[in-house]
$ cat my_file_6.csv   # CSV, C-alpha atoms and all ligand atoms
chain,number,residue,atom,x,y,z
C,1,MET,CA,171.7,137.5,97.1
C,2,HIS,CA,170.7,136.6,100.7
C,3,SER,CA,172.0,133.7,102.6
C,4,THR,CA,168.7,132.4,103.8
C,5,SER,CA,167.2,130.1,106.3
C,6,ALA,CA,163.7,129.7,107.5
C,7,SER,CA,164.1,132.5,110.1
C,8,VAL,CA,167.3,134.5,109.6
C,9,PHE,CA,168.3,136.4,106.4
C,10,ILE,CA,172.0,137.4,106.1
C,11,ASP,CA,173.0,139.7,103.3
C,12,PRO,CA,176.3,138.4,102.0
C,13,ASP,CA,177.1,141.7,100.3
C,14,ARG,CA,177.0,143.5,103.6
C,15,CYS,CA,178.4,140.8,105.9
C,16,SER,CA,182.0,141.6,106.9
C,17,ALA,CA,182.6,138.2,108.5
C,18,CYS,CA,183.3,139.9,111.8
C,19,GLY,CA,181.7,137.0,113.7
C,20,ALA,CA,179.7,139.3,116.1
C,21,CYS,CA,176.5,137.5,115.3
C,22,ILE,CA,178.1,134.0,115.8
C,23,ARG,CA,179.3,135.0,119.2
C,24,VAL,CA,175.9,136.2,120.5
C,25,CYS,CA,173.7,133.5,119.0
C,26,PRO,CA,172.3,131.6,122.0
C,27,SER,CA,171.6,128.5,119.8
C,28,ASP,CA,174.9,128.3,118.0
C,29,ILE,CA,173.2,128.1,114.6
C,30,LEU,CA,175.5,130.6,112.9
C,31,SER,CA,178.9,130.0,111.4
C,32,LEU,CA,181.3,131.5,108.9
C,33,GLU,CA,181.3,129.8,105.5
C,34,ASN,CA,183.5,131.2,102.7
C,35,SER,CA,184.0,134.3,104.9
C,36,ILE,CA,180.3,135.0,105.2
C,37,ALA,CA,178.1,134.4,108.2
C,38,ARG,CA,175.5,131.7,107.5
C,39,ALA,CA,172.6,130.2,109.4
C,40,ALA,CA,172.6,126.5,109.8
C,41,PRO,CA,170.8,124.5,107.1
C,42,ASP,CA,167.1,124.1,107.4
C,43,THR,CA,167.4,120.9,109.4
C,44,ASN,CA,168.8,122.8,112.4
C,45,ILE,CA,166.9,126.0,112.0
C,46,ALA,CA,164.2,124.9,114.4
C,47,LEU,CA,166.7,125.8,117.1
C,48,CYS,CA,166.6,129.5,116.2
C,49,LEU,CA,164.9,131.4,118.9
C,50,GLN,CA,164.3,134.3,116.6
C,51,CYS,CA,165.6,136.4,119.6
C,52,GLY,CA,167.2,139.0,117.4
C,53,HIS,CA,170.6,138.9,119.1
C,54,CYS,CA,172.4,138.4,115.7
C,55,MET,CA,170.5,141.3,114.2
C,56,ALA,CA,171.2,143.6,117.1
C,57,ALA,CA,174.9,142.8,117.2
C,58,CYS,CA,175.6,143.1,113.4
C,59,PRO,CA,177.7,146.3,112.8
C,60,GLU,CA,176.8,146.1,109.1
C,61,SER,CA,173.0,145.8,109.5
C,62,ALA,CA,173.3,142.7,107.3
C,63,ILE,CA,170.8,140.6,109.2
C,64,ASP,CA,167.0,140.5,109.0
C,65,ILE,CA,164.6,138.3,110.9
C,66,PRO,CA,161.2,138.7,109.1
C,67,ALA,CA,159.3,137.4,112.1
C,68,LEU,CA,160.3,140.4,114.2
C,69,ASP,CA,157.8,143.2,113.7
C,70,PRO,CA,159.8,146.4,113.2
C,71,ASN,CA,156.6,148.5,113.9
C,72,LEU,CA,156.9,147.6,117.5
C,73,HIS,CA,159.4,150.4,117.7
C,74,ASP,CA,156.8,152.9,116.6
C,75,PHE,CA,155.0,154.2,119.6
C,76,ALA,CA,152.0,156.5,119.3
C,77,THR,CA,152.4,158.4,122.5
C,78,PHE,CA,156.1,159.1,122.6
C,79,THR,CA,159.2,158.8,120.4
C,80,LEU,CA,161.7,156.1,121.0
C,81,ASP,CA,165.3,156.8,120.5
C,82,PRO,CA,166.2,153.6,118.8
C,83,ALA,CA,169.9,153.8,119.7
C,84,TRP,CA,170.8,150.8,121.9
C,85,VAL,CA,171.8,151.7,125.4
C,86,ALA,CA,175.0,150.0,126.4
C,87,PRO,CA,175.2,148.7,130.0
C,88,GLY,CA,176.2,151.5,132.3
C,89,SER,CA,175.9,154.3,129.7
C,90,GLY,CA,173.2,156.8,129.0
C,91,LEU,CA,170.4,156.1,131.5
C,92,PRO,CA,170.9,157.3,135.1
C,93,THR,CA,170.2,154.6,137.6
C,94,GLN,CA,168.7,157.1,140.0
C,95,ASP,CA,165.9,157.9,137.5
C,96,LEU,CA,165.0,154.2,137.0
C,97,ALA,CA,165.3,153.6,140.8
C,98,ARG,CA,163.0,156.6,141.5
C,99,LEU,CA,160.4,155.1,139.0
C,100,ILE,CA,160.7,151.6,140.5
C,101,CYS,CA,160.3,152.9,144.1
C,102,SER,CA,157.5,155.3,143.2
C,103,ARG,CA,155.2,152.9,141.6
C,104,ARG,CA,152.4,151.9,143.9
C,105,SER,CA,149.3,149.7,143.5
C,106,CYS,CA,146.5,152.1,142.8
C,107,ARG,CA,143.1,151.5,144.3
C,108,HIS,CA,141.3,154.7,143.4
C,109,TYR,CA,140.7,155.6,139.8
C,110,ARG,CA,139.2,158.5,137.8
C,111,GLN,CA,136.6,157.4,135.3
C,112,THR,CA,138.5,159.1,132.4
C,113,PRO,CA,139.0,156.4,129.8
C,114,VAL,CA,142.6,155.4,129.1
C,115,GLU,CA,143.5,156.3,125.5
C,116,LYS,CA,143.7,153.2,123.2
C,117,GLU,CA,147.1,154.5,121.9
C,118,LYS,CA,148.5,154.4,125.4
C,119,LEU,CA,147.2,150.8,125.8
C,120,ALA,CA,148.8,149.8,122.5
C,121,ASP,CA,152.1,151.4,123.5
C,122,LEU,CA,152.0,149.6,126.9
C,123,ILE,CA,151.5,146.3,125.2
C,124,LYS,CA,154.4,147.1,122.8
C,125,LEU,CA,156.6,147.7,125.8
C,126,ALA,CA,155.3,144.6,127.6
C,127,VAL,CA,156.5,142.3,124.8
C,128,PHE,CA,160.1,143.6,125.1
C,129,ALA,CA,160.2,141.6,128.3
C,130,PRO,CA,162.2,138.3,128.2
C,131,SER,CA,160.3,135.1,127.8
C,132,GLY,CA,161.2,131.5,128.3
C,133,THR,CA,162.9,130.2,125.1
C,134,ASN,CA,161.7,133.4,123.6
C,135,SER,CA,158.3,131.9,123.0
C,136,GLN,CA,156.5,135.2,123.3
C,137,ALA,CA,153.3,133.2,123.5
C,138,TRP,CA,151.6,135.9,125.6
C,139,THR,CA,148.2,137.3,124.8
C,140,PHE,CA,146.7,140.6,125.9
C,141,THR,CA,143.0,141.0,126.3
C,142,CYS,CA,142.1,144.7,126.9
C,143,LEU,CA,138.8,145.6,128.5
C,144,SER,CA,138.9,149.3,127.7
C,145,SER,CA,135.7,150.6,129.2
C,146,ARG,CA,134.3,150.6,132.7
C,147,PRO,CA,131.1,148.6,131.6
C,148,GLU,CA,133.3,145.8,130.3
C,149,VAL,CA,135.3,145.8,133.5
C,150,LEU,CA,132.1,145.8,135.5
C,151,ALA,CA,130.7,142.9,133.5
C,152,LEU,CA,133.8,140.8,134.2
C,153,GLY,CA,133.5,141.8,137.9
C,154,GLN,CA,130.0,140.4,138.0
C,155,SER,CA,131.1,137.0,136.7
C,156,ILE,CA,134.0,137.0,139.2
C,157,LYS,CA,131.7,138.0,142.1
C,158,ALA,CA,129.3,135.2,141.2
C,159,PHE,CA,132.2,132.8,141.3
C,160,PHE,CA,133.3,133.9,144.8
C,161,LYS,CA,129.7,133.8,146.0
C,162,ARG,CA,129.5,130.2,145.0
C,163,LEU,CA,132.9,129.5,146.5
C,164,ASN,CA,132.1,131.1,149.8
C,165,LYS,CA,128.9,129.1,150.0
C,166,LYS,CA,130.8,125.9,149.5
C,167,ALA,CA,133.5,127.0,152.0
C,168,GLU,CA,130.8,127.6,154.7
C,169,ASN,CA,130.0,123.9,154.6
C,170,VAL,CA,132.1,122.5,157.4
C,171,LEU,CA,131.4,118.9,156.6
C,172,LEU,CA,132.5,119.4,153.0
C,173,ARG,CA,135.6,121.2,154.0
C,174,LYS,CA,136.7,118.7,156.5
C,175,SER,CA,135.9,115.6,154.5
C,176,LEU,CA,137.8,117.0,151.5
C,177,ALA,CA,140.7,117.8,153.8
C,178,LEU,CA,140.6,114.2,155.1
C,179,VAL,CA,141.2,112.8,151.6
C,180,GLY,CA,144.1,115.2,151.1
C,181,ALA,CA,142.1,117.9,149.2
C,182,LYS,CA,142.9,120.8,151.5
C,183,THR,CA,142.3,123.7,149.1
C,184,LEU,CA,138.8,124.6,150.3
C,185,ASP,CA,139.9,124.4,154.0
C,186,HIS,CA,142.9,126.7,153.2
C,187,TYR,CA,140.6,129.1,151.3
C,188,TYR,CA,138.3,129.2,154.3
C,189,THR,CA,141.1,129.9,156.8
C,190,ASN,CA,142.9,132.5,154.7
C,191,TYR,CA,140.4,134.2,152.4
C,192,TYR,CA,136.8,133.4,153.2
C,193,ALA,CA,136.2,136.2,155.7
C,194,SER,CA,137.9,139.0,153.7
C,195,VAL,CA,136.1,137.9,150.5
C,196,LYS,CA,132.8,137.9,152.4
C,197,THR,CA,133.4,141.4,153.7
C,198,ALA,CA,134.5,142.6,150.2
C,199,MET,CA,131.3,141.2,148.6
C,200,GLU,CA,129.1,142.8,151.3
C,201,GLN,CA,130.8,146.2,150.6
C,202,MET,CA,130.3,145.7,146.9
C,203,GLU,CA,126.6,145.0,147.3
C,204,LYS,CA,125.7,147.4,150.1
C,205,GLU,CA,128.0,150.3,149.5
C,206,ASN,CA,128.4,149.8,145.7
C,207,ARG,CA,132.2,149.8,146.3
C,208,ASP,CA,134.3,148.0,143.7
C,209,ARG,CA,136.5,146.0,146.0
C,210,LEU,CA,137.7,143.8,143.1
C,211,PHE,CA,138.9,146.2,140.4
C,212,HIS,CA,138.9,149.3,142.6
C,213,GLY,CA,136.8,151.3,140.1
C,214,ALA,CA,139.4,151.0,137.3
C,215,PRO,CA,138.1,151.9,133.8
C,216,THR,CA,140.5,149.5,132.1
C,217,LEU,CA,141.8,146.0,132.6
C,218,ILE,CA,144.5,144.1,130.7
C,219,LEU,CA,144.4,140.4,131.0
C,220,ILE,CA,147.7,138.8,130.2
C,221,GLY,CA,147.5,135.2,129.1
C,222,SER,CA,149.4,132.6,127.2
C,223,SER,CA,148.8,130.5,124.1
C,224,PRO,CA,149.8,126.9,124.3
C,225,GLY,CA,153.4,126.1,123.7
C,226,ALA,CA,155.2,128.5,126.1
C,227,SER,CA,157.8,127.0,128.4
C,228,CYS,CA,157.3,129.4,131.2
C,229,PRO,CA,153.9,131.1,130.6
C,230,LYS,CA,153.3,132.4,134.0
C,231,GLU,CA,156.8,133.9,134.4
C,232,ASP,CA,156.5,135.5,130.9
C,233,ALA,CA,153.2,137.0,131.8
C,234,PHE,CA,154.5,138.6,135.0
C,235,LEU,CA,157.6,140.0,133.3
C,236,ALA,CA,155.4,141.6,130.7
C,237,ALA,CA,153.1,142.9,133.4
C,238,GLY,CA,156.1,144.4,135.2
C,239,ASN,CA,157.0,146.4,132.1
C,240,ILE,CA,153.4,147.6,131.9
C,241,LEU,CA,153.3,148.7,135.6
C,242,LEU,CA,156.4,150.8,135.3
C,243,ALA,CA,155.7,152.3,131.9
C,244,ALA,CA,152.1,153.1,132.9
C,245,HIS,CA,153.4,155.1,135.8
C,246,THR,CA,155.5,157.3,133.5
C,247,MET,CA,152.3,157.8,131.4
C,248,GLY,CA,150.4,159.2,134.3
C,249,LEU,CA,148.5,155.9,134.9
C,250,GLY,CA,147.9,154.0,138.1
C,251,THR,CA,147.9,150.2,138.0
C,252,CYS,CA,147.1,147.2,140.3
C,253,LEU,CA,147.6,143.5,139.7
C,254,ILE,CA,144.4,141.7,140.5
C,255,GLY,CA,145.1,138.1,141.7
C,256,TYR,CA,141.5,137.5,142.7
C,257,ALA,CA,140.4,137.8,139.1
C,258,VAL,CA,143.1,135.4,137.9
C,259,ALA,CA,142.2,132.9,140.6
C,260,ALA,CA,138.5,133.0,139.6
C,261,MET,CA,139.3,132.7,135.9
C,262,ALA,CA,141.5,129.7,136.6
C,263,ALA,CA,138.8,127.9,138.6
C,264,ASP,CA,135.9,128.8,136.4
C,265,ARG,CA,137.0,128.6,132.7
C,266,SER,CA,133.6,129.8,131.5
C,267,ILE,CA,134.5,133.3,132.6
C,268,GLN,CA,137.2,133.7,129.9
C,269,LYS,CA,134.8,132.2,127.4
C,270,GLU,CA,132.4,135.1,128.0
C,271,LEU,CA,135.2,137.4,126.9
C,272,GLY,CA,135.8,135.5,123.8
C,273,ILE,CA,139.2,134.2,125.1
C,274,PRO,CA,139.8,130.7,123.5
C,275,GLU,CA,139.8,127.8,125.9
C,276,SER,CA,143.4,126.9,124.8
C,277,GLU,CA,144.6,130.2,126.5
C,278,THR,CA,145.3,130.6,130.2
C,279,ILE,CA,145.1,133.9,132.0
C,280,HIS,CA,148.1,134.5,134.4
C,281,ALA,CA,147.9,138.2,135.3
C,282,ALA,CA,145.2,140.9,135.4
C,283,VAL,CA,146.3,144.5,135.5
C,284,ALA,CA,143.7,147.1,136.5
C,285,LEU,CA,144.7,150.5,135.2
C,286,GLY,CA,143.4,154.1,134.8
C,287,TYR,CA,144.2,157.6,135.8
C,288,PRO,CA,144.8,157.6,139.5
C,289,ASP,CA,142.5,159.4,142.0
C,290,GLU,CA,145.0,159.2,144.8
C,291,THR,CA,148.4,160.7,145.4
C,292,PHE,CA,151.3,159.7,147.6
C,293,GLN,CA,153.7,162.0,149.4
C,294,ARG,CA,156.8,159.9,149.6
C,295,ILE,CA,158.6,156.8,148.8
C,296,THR,CA,158.4,154.3,151.7
C,297,GLY,CA,160.5,151.3,152.7
C,298,ARG,CA,160.0,147.6,152.2
C,299,LYS,CA,160.4,144.7,154.6
C,300,LYS,CA,164.1,143.8,155.0
C,301,PRO,CA,164.8,141.1,152.4
C,302,LYS,CA,166.7,137.9,153.3
C,303,ILE,CA,169.9,138.1,151.4
C,304,ARG,CA,172.7,135.6,151.5
C,305,PHE,CA,176.1,135.2,149.8
C,306,PRO,CA,176.9,131.5,150.4
C,307,GLY,CA,180.4,131.9,148.9
C,308,LYS,CA,181.3,134.5,151.6
C,401,LIG,C1,150.4,138.4,142.1
C,401,LIG,C2,149.8,139.6,142.7
C,401,LIG,C3,148.4,139.6,142.9
C,401,LIG,C4,147.8,140.7,143.5
C,401,LIG,N1,146.4,140.8,143.6
C,401,LIG,C5,145.9,141.9,144.2
C,401,LIG,C6,144.4,141.9,144.3
C,401,LIG,O1,143.7,141.0,143.9
C,401,LIG,N2,143.9,143.1,144.7
C,401,LIG,C7,144.7,144.2,145.1
C,401,LIG,O2,144.1,145.2,145.5
C,401,LIG,N3,146.0,144.1,145.1
C,401,LIG,C8,146.6,143.0,144.6
C,401,LIG,N4,148.0,143.0,144.4
C,401,LIG,C9,148.8,144.1,144.8
C,401,LIG,C10,149.6,143.9,146.1
C,401,LIG,O3,148.7,143.9,147.2
C,401,LIG,C11,150.6,145.0,146.2
C,401,LIG,O4,151.6,144.8,145.2
C,401,LIG,C12,151.4,145.0,147.5
C,401,LIG,O5,150.5,145.3,148.6
C,401,LIG,C13,152.6,146.0,147.5
C,401,LIG,O6,152.1,147.3,147.3
C,401,LIG,P1,152.6,148.1,146.0
C,401,LIG,O7,152.3,147.4,144.8
C,401,LIG,O8,151.9,149.4,146.1
C,401,LIG,O9,154.1,148.3,146.1
C,401,LIG,C14,148.6,141.8,143.9
C,401,LIG,C15,150.0,141.8,143.7
C,401,LIG,C16,150.6,140.7,143.1
C,401,LIG,C17,152.0,140.7,142.8

$ encode --input "my_file_6.csv" --output "structure tokens"
Amino acid sequence: MHSTSASVFIDPDRCSACGACIRVCPSDILSLENSIARAAPDTNIALCLQCGHCMAACPESAIDIPALDPNLHDFATFTLDPAWVAPGSGLPTQDLARLICSRRSCRHYRQTPVEKEKLADLIKLAVFAPSGTNSQAWTFTCLSSRPEVLALGQSIKAFFKRLNKKAENVLLRKSLALVGAKTLDHYYTNYYASVKTAMEQMEKENRDRLFHGAPTLILIGSSPGASCPKEDAFLAAGNILLAAHTMGLGTCLIGYAVAAMAADRSIQKELGIPESETIHAAVALGYPDETFQRITGRKKPKIRFPGK
């Protein structure tokens, strides 16, 4: 018989009462009762993050969390070795470092469509990122064909056209700034000119300055209820950027798309994204039509160790 709670199932026949699950539980909802690990009664179970720590730590495989989808381990485009990698063992840091340092934002793409299996695998990898209070409230909207990406581009272009027109109005800018609303003035100073040039290039040269000709776009959003939705989305995006590189894909985060969708909520409606969701990151991706010769440097970061 299972020791049950709303979210954690512990098989008492398997449990060896080693306490490993109790030690790693971030919410302290597990304890030993008659030499068997037990989850707290239902009154406290709302505390369970369903993070899977207990399940991962149990040497007897006695724990199950039904909410965790085991199929997320099944990747279509590669085989995962499911053995857990202990810190410092198994994976050479230099391989990961080479991947991290080799990823670049890609701004030239081939029109070869990205296989749906690869997109599905990327999203499976994305959700292994950490999330605030393990909310995992992220959503992924995949535009998997160039016409879909172009259609979104049109809506975003229309938004920036309207915004630039507004920003050209000196009186409006200055009077808004006078009452403390400085956003339009800030936009005019920092972005107006480059957005104007980009839009002219899009119109006159048919150059996609927004999505760089990418045939695919993944919009990462959040459902209501997440404690750190933006951070979660970017951590998920980070996994996608790195994994995509290993799959032969180039990627580029597109902040302009996110800004437009935040300011004009009708854009996400056109994509069928519910109003309750918010888009935090847009990842353009596709097979790259550019190559790089070397890993370059970065600006020197400011680092401090206040404790000497
Ligand atoms: C939040 C965010 C938004 C970005 N938005 C855009 C964008 O709209 N268009 C673009 O071409 N690149 C965009 N980038 C890519 C950055 O320009 C790029 O990461 C930076 O120049 C460093 O280059 P690298 O990614 O090749 O290392 C964005 C990056 C981040 C992190």

$ residues_near_ligand --input "my_file_6.csv" --ligand "ligand LIG 401 (chain C)" --cutoff "7 Å" --atoms "only C-alpha atoms and all ligand atoms" --output "NGL selection string"
:C and (103-107 or 210 or 252-257)

$ residues_around --input "my_file_6.csv" --residues "Ala284 of chain C" --least-positions-apart "2" --cutoff "8 Å" --atoms "all atoms listed in the file" --output "list in words"
Phe211, Ala214, Pro215, Thr216, Leu217, Ile218, Thr251, Cys252, Leu253, Ile254, Ala282 and Gly286 of chain C

$ residues_around --input "my_file_6.csv" --residues "segment 83-88 of chain C" --least-positions-apart "3" --cutoff "12 Å" --atoms "all atoms listed in the file" --output "count of residues only"
8

$ atom_distance --input "my_file_6.csv" --atom1 "atom CA of Leu171 of chain C" --atom2 "atom CA of Ala158 of chain C"
22.5 Å

$ closest_residue --input "my_file_6.csv" --among "C:Leu249, C:Asn190, C:Asn164, C:Ile36" --to "Thr291 of chain C" --atoms "all atoms listed in the file"
C:Leu249

$ atom_distance --input "my_file_6.csv" --atom1 "atom CA of Ile10 of chain C" --atom2 "atom CA of Thr133 of chain C"
22.3 Å

$ closest_residue --input "my_file_6.csv" --among "C:Gly132, C:Gly307, C:Gly297, C:Pro147" --to "Lys230 of chain C" --atoms "all atoms listed in the file"
C:Gly132

$ residues_near_point --input "my_file_6.csv" --point "(141.6, 151.6, 127.9)" --cutoff "9 Å" --atoms "all atoms listed in the file" --output "PDB file with C-alpha atoms, in the frame of the given file"
ATOM      1  CA  PRO C 113     139.000 156.400 129.800  1.00  0.00           C
ATOM      2  CA  VAL C 114     142.600 155.400 129.100  1.00  0.00           C
ATOM      3  CA  GLU C 115     143.500 156.300 125.500  1.00  0.00           C
ATOM      4  CA  LYS C 116     143.700 153.200 123.200  1.00  0.00           C
ATOM      5  CA  GLU C 117     147.100 154.500 121.900  1.00  0.00           C
ATOM      6  CA  LYS C 118     148.500 154.400 125.400  1.00  0.00           C
ATOM      7  CA  LEU C 119     147.200 150.800 125.800  1.00  0.00           C
ATOM      8  CA  CYS C 142     142.100 144.700 126.900  1.00  0.00           C
ATOM      9  CA  LEU C 143     138.800 145.600 128.500  1.00  0.00           C
ATOM     10  CA  SER C 144     138.900 149.300 127.700  1.00  0.00           C
ATOM     11  CA  SER C 145     135.700 150.600 129.200  1.00  0.00           C
ATOM     12  CA  ARG C 146     134.300 150.600 132.700  1.00  0.00           C
ATOM     13  CA  PRO C 215     138.100 151.900 133.800  1.00  0.00           C
ATOM     14  CA  THR C 216     140.500 149.500 132.100  1.00  0.00           C
ATOM     15  CA  LEU C 217     141.800 146.000 132.600  1.00  0.00           C
ATOM     16  CA  ILE C 218     144.500 144.100 130.700  1.00  0.00           C
ATOM     17  CA  LEU C 285     144.700 150.500 135.200  1.00  0.00           C
ATOM     18  CA  GLY C 286     143.400 154.100 134.800  1.00  0.00           C
TER      19      GLY C 286
END

$ closest_residue --input "my_file_6.csv" --among "C:Arg265, C:Ser102, C:Gln50, C:Pro41" --to "Ala243 of chain C" --atoms "all atoms listed in the file"
C:Ser102

$ closest_residue --input "my_file_6.csv" --among "C:Ala263, C:Leu152, C:Leu72, C:Ile220" --to "Glu277 of chain C" --atoms "all atoms listed in the file"
C:Ile220

$ atom_distance --input "my_file_6.csv" --atom1 "atom CA of Lys299 of chain C" --atom2 "atom CA of Arg98 of chain C"
17.9 Å

$ residues_near_point --input "my_file_6.csv" --point "(161.3, 140.5, 123.7)" --cutoff "12 Å" --atoms "all atoms listed in the file" --output "mmCIF file with C-alpha atoms, in the coordinates of the input"
data_model
loop_
_atom_site.group_PDB
_atom_site.id
_atom_site.type_symbol
_atom_site.label_atom_id
_atom_site.label_comp_id
_atom_site.auth_asym_id
_atom_site.auth_seq_id
_atom_site.Cartn_x
_atom_site.Cartn_y
_atom_site.Cartn_z
ATOM 1 C CA LEU C 49 164.900 131.400 118.900
ATOM 2 C CA GLN C 50 164.300 134.300 116.600
ATOM 3 C CA CYS C 51 165.600 136.400 119.600
ATOM 4 C CA GLY C 52 167.200 139.000 117.400
ATOM 5 C CA HIS C 53 170.600 138.900 119.100
ATOM 6 C CA LEU C 68 160.300 140.400 114.200
ATOM 7 C CA ASP C 69 157.800 143.200 113.700
ATOM 8 C CA LEU C 72 156.900 147.600 117.500
ATOM 9 C CA HIS C 73 159.400 150.400 117.700
ATOM 10 C CA ILE C 123 151.500 146.300 125.200
ATOM 11 C CA LYS C 124 154.400 147.100 122.800
ATOM 12 C CA LEU C 125 156.600 147.700 125.800
ATOM 13 C CA ALA C 126 155.300 144.600 127.600
ATOM 14 C CA VAL C 127 156.500 142.300 124.800
ATOM 15 C CA PHE C 128 160.100 143.600 125.100
ATOM 16 C CA ALA C 129 160.200 141.600 128.300
ATOM 17 C CA PRO C 130 162.200 138.300 128.200
ATOM 18 C CA SER C 131 160.300 135.100 127.800
ATOM 19 C CA GLY C 132 161.200 131.500 128.300
ATOM 20 C CA THR C 133 162.900 130.200 125.100
ATOM 21 C CA ASN C 134 161.700 133.400 123.600
ATOM 22 C CA SER C 135 158.300 131.900 123.000
ATOM 23 C CA GLN C 136 156.500 135.200 123.300
ATOM 24 C CA ALA C 137 153.300 133.200 123.500
ATOM 25 C CA TRP C 138 151.600 135.900 125.600
ATOM 26 C CA ASP C 232 156.500 135.500 130.900
ATOM 27 C CA ALA C 233 153.200 137.000 131.800
ATOM 28 C CA LEU C 235 157.600 140.000 133.300
ATOM 29 C CA ALA C 236 155.400 141.600 130.700
ATOM 30 C CA ASN C 239 157.000 146.400 132.100
#

$ closest_residue --input "my_file_6.csv" --among "C:Ser194, C:Thr77, C:Ser61, C:Ser175" --to "Phe9 of chain C" --atoms "only C-alpha atoms"
C:Ser61

$ closest_residue --input "my_file_6.csv" --among "C:Ala193, C:Leu271, C:Leu176, C:Ala62" --to "Cys15 of chain C" --atoms "only C-alpha atoms"
C:Ala62

$ decode --input "my_file_6.csv" --residues "segment 26-63 of chain C" --atoms "C-alpha atoms" --output "PDB file, in the first residue's frame"
ATOM      1  CA  PRO C  26      12.974  22.067   0.405  1.00  0.00           C
ATOM      2  CA  SER C  27       9.577  22.390   2.096  1.00  0.00           C
ATOM      3  CA  ASP C  28      10.200  20.067   5.041  1.00  0.00           C
ATOM      4  CA  ILE C  29       6.995  18.157   4.423  1.00  0.00           C
ATOM      5  CA  LEU C  30       8.487  14.672   4.805  1.00  0.00           C
ATOM      6  CA  SER C  31       9.165  12.823   8.031  1.00  0.00           C
ATOM      7  CA  LEU C  32       9.652   9.297   9.328  1.00  0.00           C
ATOM      8  CA  GLU C  33       6.623   7.667  10.867  1.00  0.00           C
ATOM      9  CA  ASN C  34       6.901   4.076  12.109  1.00  0.00           C
ATOM     10  CA  SER C  35      10.183   3.810  10.190  1.00  0.00           C
ATOM     11  CA  ILE C  36       8.623   4.804   6.887  1.00  0.00           C
ATOM     12  CA  ALA C  37       8.934   8.139   5.148  1.00  0.00           C
ATOM     13  CA  ARG C  38       5.649   9.972   4.974  1.00  0.00           C
ATOM     14  CA  ALA C  39       4.440  13.170   3.436  1.00  0.00           C
ATOM     15  CA  ALA C  40       2.682  15.583   5.737  1.00  0.00           C
ATOM     16  CA  PRO C  41      -1.061  15.224   5.994  1.00  0.00           C
ATOM     17  CA  ASP C  42      -3.165  16.928   3.332  1.00  0.00           C
ATOM     18  CA  THR C  43      -3.423  20.121   5.371  1.00  0.00           C
ATOM     19  CA  ASN C  44       0.257  20.874   4.788  1.00  0.00           C
ATOM     20  CA  ILE C  45       0.646  19.385   1.359  1.00  0.00           C
ATOM     21  CA  ALA C  46       0.020  22.685  -0.377  1.00  0.00           C
ATOM     22  CA  LEU C  47       3.628  23.405   0.596  1.00  0.00           C
ATOM     23  CA  CYS C  48       4.931  20.653  -1.680  1.00  0.00           C
ATOM     24  CA  LEU C  49       6.693  22.246  -4.645  1.00  0.00           C
ATOM     25  CA  GLN C  50       6.503  18.992  -6.606  1.00  0.00           C
ATOM     26  CA  CYS C  51      10.164  19.623  -7.381  1.00  0.00           C
ATOM     27  CA  GLY C  52      11.055  15.934  -7.475  1.00  0.00           C
ATOM     28  CA  HIS C  53      14.001  16.201  -5.070  1.00  0.00           C
ATOM     29  CA  CYS C  54      12.653  13.360  -2.906  1.00  0.00           C
ATOM     30  CA  MET C  55      12.074  11.176  -5.947  1.00  0.00           C
ATOM     31  CA  ALA C  56      15.555  11.922  -7.286  1.00  0.00           C
ATOM     32  CA  ALA C  57      17.249  11.197  -3.947  1.00  0.00           C
ATOM     33  CA  CYS C  58      15.460   7.958  -3.014  1.00  0.00           C
ATOM     34  CA  PRO C  59      17.890   4.999  -3.377  1.00  0.00           C
ATOM     35  CA  GLU C  60      14.969   2.538  -3.417  1.00  0.00           C
ATOM     36  CA  SER C  61      12.895   4.261  -6.146  1.00  0.00           C
ATOM     37  CA  ALA C  62      10.056   4.274  -3.635  1.00  0.00           C
ATOM     38  CA  ILE C  63       8.707   7.712  -4.464  1.00  0.00           C
TER      39      ILE C  63
END
